[in-house]
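Shown below: final-v1.cif, with mmCIF, N, CA and C atoms.
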```
data_structure
loop_
_atom_site.label_atom_id
_atom_site.label_comp_id
_atom_site.auth_asym_id
_atom_site.auth_seq_id
_atom_site.Cartn_x
_atom_site.Cartn_y
_atom_site.Cartn_z
N MET A 1384 20.87 -74.59 21.44
CA MET A 1384 20.84 -75.33 22.68
C MET A 1384 19.48 -75.14 23.35
N TYR A 1385 19.07 -76.14 24.08
CA TYR A 1385 17.79 -76.10 24.77
C TYR A 1385 17.84 -77.07 25.95
N TYR A 1386 16.85 -76.96 26.83
CA TYR A 1386 16.80 -77.83 28.00
C TYR A 1386 15.95 -79.08 27.73
N VAL A 1387 16.42 -80.20 28.21
CA VAL A 1387 15.67 -81.46 28.15
C VAL A 1387 15.77 -82.15 29.51
N ALA A 1388 14.86 -83.05 29.76
CA ALA A 1388 14.88 -83.82 31.01
C ALA A 1388 15.96 -84.88 30.93
N LYS A 1389 16.68 -85.06 32.03
CA LYS A 1389 17.70 -86.11 32.15
C LYS A 1389 17.38 -86.93 33.39
N VAL A 1390 17.32 -88.24 33.21
CA VAL A 1390 17.01 -89.14 34.33
C VAL A 1390 18.30 -89.73 34.87
N ASP A 1391 18.45 -89.67 36.18
CA ASP A 1391 19.56 -90.36 36.85
C ASP A 1391 19.12 -91.81 37.00
N ALA A 1392 19.57 -92.67 36.09
CA ALA A 1392 19.10 -94.06 36.02
C ALA A 1392 19.35 -94.83 37.31
N ASP A 1393 20.47 -94.60 37.94
CA ASP A 1393 20.77 -95.33 39.19
C ASP A 1393 19.79 -94.99 40.29
N LYS A 1394 19.51 -93.68 40.46
CA LYS A 1394 18.55 -93.26 41.48
C LYS A 1394 17.15 -93.76 41.14
N CYS A 1395 16.79 -93.62 39.88
CA CYS A 1395 15.45 -94.00 39.44
C CYS A 1395 15.20 -95.49 39.66
N ALA A 1396 16.19 -96.31 39.38
CA ALA A 1396 16.04 -97.76 39.51
C ALA A 1396 15.77 -98.19 40.95
N GLU A 1397 16.21 -97.38 41.91
CA GLU A 1397 15.96 -97.70 43.32
C GLU A 1397 14.46 -97.71 43.64
N TYR A 1398 13.69 -96.87 42.94
CA TYR A 1398 12.27 -96.70 43.26
C TYR A 1398 11.34 -97.54 42.39
N LYS A 1399 11.80 -97.90 41.19
CA LYS A 1399 10.98 -98.68 40.25
C LYS A 1399 9.61 -98.02 40.06
N CYS A 1400 9.63 -96.73 39.94
CA CYS A 1400 8.43 -95.90 39.87
C CYS A 1400 8.17 -95.49 38.41
N THR A 1401 6.92 -95.40 38.03
CA THR A 1401 6.58 -94.96 36.68
C THR A 1401 5.75 -93.68 36.69
N THR A 1402 5.66 -93.03 37.83
CA THR A 1402 4.78 -91.87 37.96
C THR A 1402 5.09 -90.77 36.97
N CYS A 1403 6.36 -90.46 36.76
CA CYS A 1403 6.72 -89.37 35.86
C CYS A 1403 6.22 -89.63 34.43
N THR A 1404 6.23 -90.89 34.02
CA THR A 1404 5.80 -91.21 32.66
C THR A 1404 4.31 -90.92 32.46
N LEU A 1405 3.54 -90.96 33.52
CA LEU A 1405 2.11 -90.71 33.43
C LEU A 1405 1.80 -89.22 33.23
N TYR A 1406 2.71 -88.36 33.65
CA TYR A 1406 2.48 -86.92 33.59
C TYR A 1406 3.08 -86.25 32.35
N CYS A 1407 3.96 -86.91 31.64
CA CYS A 1407 4.59 -86.30 30.47
C CYS A 1407 3.54 -86.04 29.39
N PRO A 1408 3.40 -84.77 28.94
CA PRO A 1408 2.37 -84.45 27.95
C PRO A 1408 2.74 -84.86 26.52
N GLU A 1409 3.98 -85.18 26.29
CA GLU A 1409 4.44 -85.52 24.94
C GLU A 1409 4.53 -87.05 24.82
N ALA A 1410 3.74 -87.62 23.95
CA ALA A 1410 3.69 -89.09 23.78
C ALA A 1410 5.05 -89.65 23.39
N ASN A 1411 5.37 -90.81 23.94
CA ASN A 1411 6.60 -91.55 23.61
C ASN A 1411 7.88 -90.74 23.84
N THR A 1412 7.87 -89.94 24.90
CA THR A 1412 9.03 -89.13 25.22
C THR A 1412 9.69 -89.60 26.51
N LEU A 1413 8.92 -89.74 27.55
CA LEU A 1413 9.42 -90.23 28.84
C LEU A 1413 8.83 -91.61 29.05
N MET A 1414 9.68 -92.62 29.00
CA MET A 1414 9.21 -94.00 29.03
C MET A 1414 9.91 -94.79 30.12
N PHE A 1415 9.34 -95.95 30.45
CA PHE A 1415 9.89 -96.80 31.49
C PHE A 1415 10.44 -98.07 30.88
N ASP A 1416 11.67 -98.40 31.24
CA ASP A 1416 12.34 -99.62 30.77
C ASP A 1416 12.16 -100.69 31.86
N LYS A 1417 11.30 -101.65 31.61
CA LYS A 1417 11.01 -102.68 32.61
C LYS A 1417 12.22 -103.56 32.92
N ASP A 1418 13.10 -103.74 31.95
CA ASP A 1418 14.28 -104.58 32.16
C ASP A 1418 15.25 -103.95 33.16
N ASN A 1419 15.39 -102.62 33.09
CA ASN A 1419 16.33 -101.91 33.97
C ASN A 1419 15.63 -101.20 35.12
N ASN A 1420 14.30 -101.27 35.17
CA ASN A 1420 13.51 -100.60 36.22
C ASN A 1420 13.81 -99.11 36.34
N THR A 1421 13.91 -98.45 35.19
CA THR A 1421 14.21 -97.02 35.20
C THR A 1421 13.49 -96.31 34.06
N SER A 1422 13.19 -95.04 34.27
CA SER A 1422 12.62 -94.21 33.22
C SER A 1422 13.74 -93.68 32.35
N TRP A 1423 13.40 -93.32 31.12
CA TRP A 1423 14.39 -92.71 30.23
C TRP A 1423 13.67 -91.73 29.30
N VAL A 1424 14.45 -90.78 28.78
CA VAL A 1424 13.90 -89.70 27.97
C VAL A 1424 14.44 -89.77 26.55
N ASP A 1425 13.54 -89.66 25.59
CA ASP A 1425 13.94 -89.49 24.19
C ASP A 1425 14.19 -87.99 24.02
N GLU A 1426 15.45 -87.60 24.05
CA GLU A 1426 15.81 -86.18 24.03
C GLU A 1426 15.37 -85.47 22.76
N ASN A 1427 15.19 -86.20 21.69
CA ASN A 1427 14.74 -85.58 20.44
C ASN A 1427 13.26 -85.21 20.49
N ARG A 1428 12.52 -85.79 21.42
CA ARG A 1428 11.08 -85.50 21.55
C ARG A 1428 10.76 -84.59 22.73
N CYS A 1429 11.65 -84.51 23.70
CA CYS A 1429 11.41 -83.72 24.91
C CYS A 1429 11.27 -82.23 24.56
N LYS A 1430 10.20 -81.62 25.06
CA LYS A 1430 9.93 -80.19 24.82
C LYS A 1430 10.47 -79.29 25.92
N GLY A 1431 10.99 -79.89 26.99
CA GLY A 1431 11.58 -79.10 28.06
C GLY A 1431 10.58 -78.46 29.01
N CYS A 1432 9.40 -79.05 29.14
CA CYS A 1432 8.37 -78.44 29.99
C CYS A 1432 8.65 -78.63 31.49
N ALA A 1433 9.45 -79.63 31.85
CA ALA A 1433 9.87 -79.90 33.23
C ALA A 1433 8.75 -80.41 34.14
N ILE A 1434 7.65 -80.85 33.59
CA ILE A 1434 6.59 -81.43 34.42
C ILE A 1434 7.12 -82.67 35.14
N CYS A 1435 7.91 -83.48 34.45
CA CYS A 1435 8.47 -84.68 35.07
C CYS A 1435 9.38 -84.34 36.25
N VAL A 1436 10.10 -83.25 36.13
CA VAL A 1436 10.98 -82.82 37.23
C VAL A 1436 10.13 -82.44 38.44
N TYR A 1437 9.06 -81.70 38.20
CA TYR A 1437 8.16 -81.33 39.28
C TYR A 1437 7.59 -82.57 39.96
N VAL A 1438 7.11 -83.52 39.17
CA VAL A 1438 6.52 -84.75 39.72
C VAL A 1438 7.54 -85.51 40.56
N CYS A 1439 8.71 -85.74 40.01
CA CYS A 1439 9.73 -86.54 40.70
C CYS A 1439 10.33 -85.81 41.90
N THR A 1440 10.59 -84.55 41.75
CA THR A 1440 11.27 -83.79 42.79
C THR A 1440 10.32 -83.25 43.85
N ASP A 1441 9.28 -82.56 43.42
CA ASP A 1441 8.39 -81.89 44.37
C ASP A 1441 7.28 -82.79 44.92
N MET A 1442 6.63 -83.54 44.05
CA MET A 1442 5.52 -84.39 44.51
C MET A 1442 6.02 -85.64 45.23
N LEU A 1443 7.05 -86.27 44.68
CA LEU A 1443 7.51 -87.55 45.24
C LEU A 1443 8.78 -87.44 46.08
N ASP A 1444 9.45 -86.30 46.03
CA ASP A 1444 10.68 -86.05 46.80
C ASP A 1444 11.76 -87.12 46.51
N ARG A 1445 11.97 -87.40 45.22
CA ARG A 1445 12.94 -88.42 44.84
C ARG A 1445 14.15 -87.86 44.09
N ASN A 1446 14.00 -86.76 43.41
CA ASN A 1446 15.12 -86.07 42.74
C ASN A 1446 15.88 -86.94 41.74
N CYS A 1447 15.16 -87.68 40.92
CA CYS A 1447 15.80 -88.54 39.92
C CYS A 1447 15.89 -87.89 38.54
N ILE A 1448 15.16 -86.78 38.35
CA ILE A 1448 15.13 -86.12 37.05
C ILE A 1448 15.52 -84.66 37.22
N GLU A 1449 16.30 -84.17 36.28
CA GLU A 1449 16.66 -82.74 36.27
C GLU A 1449 16.66 -82.26 34.83
N MET A 1450 16.62 -80.96 34.68
CA MET A 1450 16.71 -80.37 33.34
C MET A 1450 18.18 -80.07 33.06
N ALA A 1451 18.61 -80.38 31.85
CA ALA A 1451 20.00 -80.18 31.47
C ALA A 1451 20.06 -79.62 30.06
N MET A 1452 21.08 -78.84 29.80
CA MET A 1452 21.27 -78.24 28.49
C MET A 1452 21.63 -79.32 27.47
N SER A 1453 21.00 -79.25 26.32
CA SER A 1453 21.28 -80.20 25.25
C SER A 1453 21.47 -79.43 23.95
N THR A 1454 22.26 -79.97 23.06
CA THR A 1454 22.45 -79.36 21.75
C THR A 1454 21.89 -80.29 20.69
N PRO A 1455 21.26 -79.76 19.66
CA PRO A 1455 20.71 -80.62 18.62
C PRO A 1455 21.82 -81.41 17.93
N GLU A 1456 21.50 -82.65 17.56
CA GLU A 1456 22.48 -83.47 16.88
C GLU A 1456 22.67 -82.96 15.46
N GLU A 1457 23.91 -82.96 15.02
CA GLU A 1457 24.23 -82.54 13.66
C GLU A 1457 23.83 -83.66 12.70
N SER A 1458 23.21 -83.31 11.57
CA SER A 1458 22.82 -84.33 10.58
C SER A 1458 23.81 -84.39 9.45
#
```
Please rewrite the model in this file as structure tokens.
Amino acid sequence: MYYVAKVDADKCAEYKCTTCTLYCPEANTLMFDKDNNTSWVDENRCKGCAICVYVCTDMLDRNCIEMAMSTPEES
């Protein structure tokens, strides 16, 4: 088990913000869906650094992203 970023899509869609995607150090991990106006995380690529949480919560005071426990998918 490990921690990954989880986006609250409903909260995120209210802001239509892409700021968190600019700060994610891992390419193609935290992306913005223009159709739904929300960011989303590829949990298989997320390293759990929580930079996006800091940006969304502390810098922007929006609280749309949190770290949550995840388990690797069984193959």
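Residues of chain A assigned to alpha helix (DSSP H) by DSSP on this structure's backbone: Ala1392, Asp1393, Lys1394, Cys1395, Ala1396, Glu1397, Tyr1398, Thr1402, Cys1403, Thr1404, Leu1405, Tyr1406, Ile1434, Cys1435 and Val1436 of chain A.
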Next item on the list: Taking the file above as input, evaluate the PyMOL selection byres ((chain A and resi 1446-1451) around 7) and report the hits as a list in words.
Entry: Tyr1385, Tyr1386, Val1387, Ala1388, Lys1389, Val1390, Asp1391, Ala1392, Lys1394, Cys1395, Ala1433, Cys1435, Val1436, Cys1439, Thr1440, Asp1441, Leu1443, Asp1444, Arg1445, Met1452 and Ser1453 of chain A
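When you apply the PyMOL selection byres (((chain A and resi 1417-1425 and name CA) around 6) and name CA) to this structure, what comes back is Ala1392, Cys1395, Ala1396, Lys1399, Thr1412, Leu1413, Met1414, Phe1415, Asp1416, Glu1426, Asn1427 and Arg1428 of chain A.
A straight line drawn from atom C of Cys1403 (chain A) to atom C of Ile1434 (chain A) is 7.1 Å long.
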Size and centre in Å, one decimal, axis-aligned box, all listed region 1403-1411 of chain A atoms plus 8 Å per side, as lines of an AutoDock Vina configuration file:
```
center_x = 4.8
center_y = -88.0
center_z = 30.1
size_x = 22.1
size_y = 23.1
size_z = 29.4
```
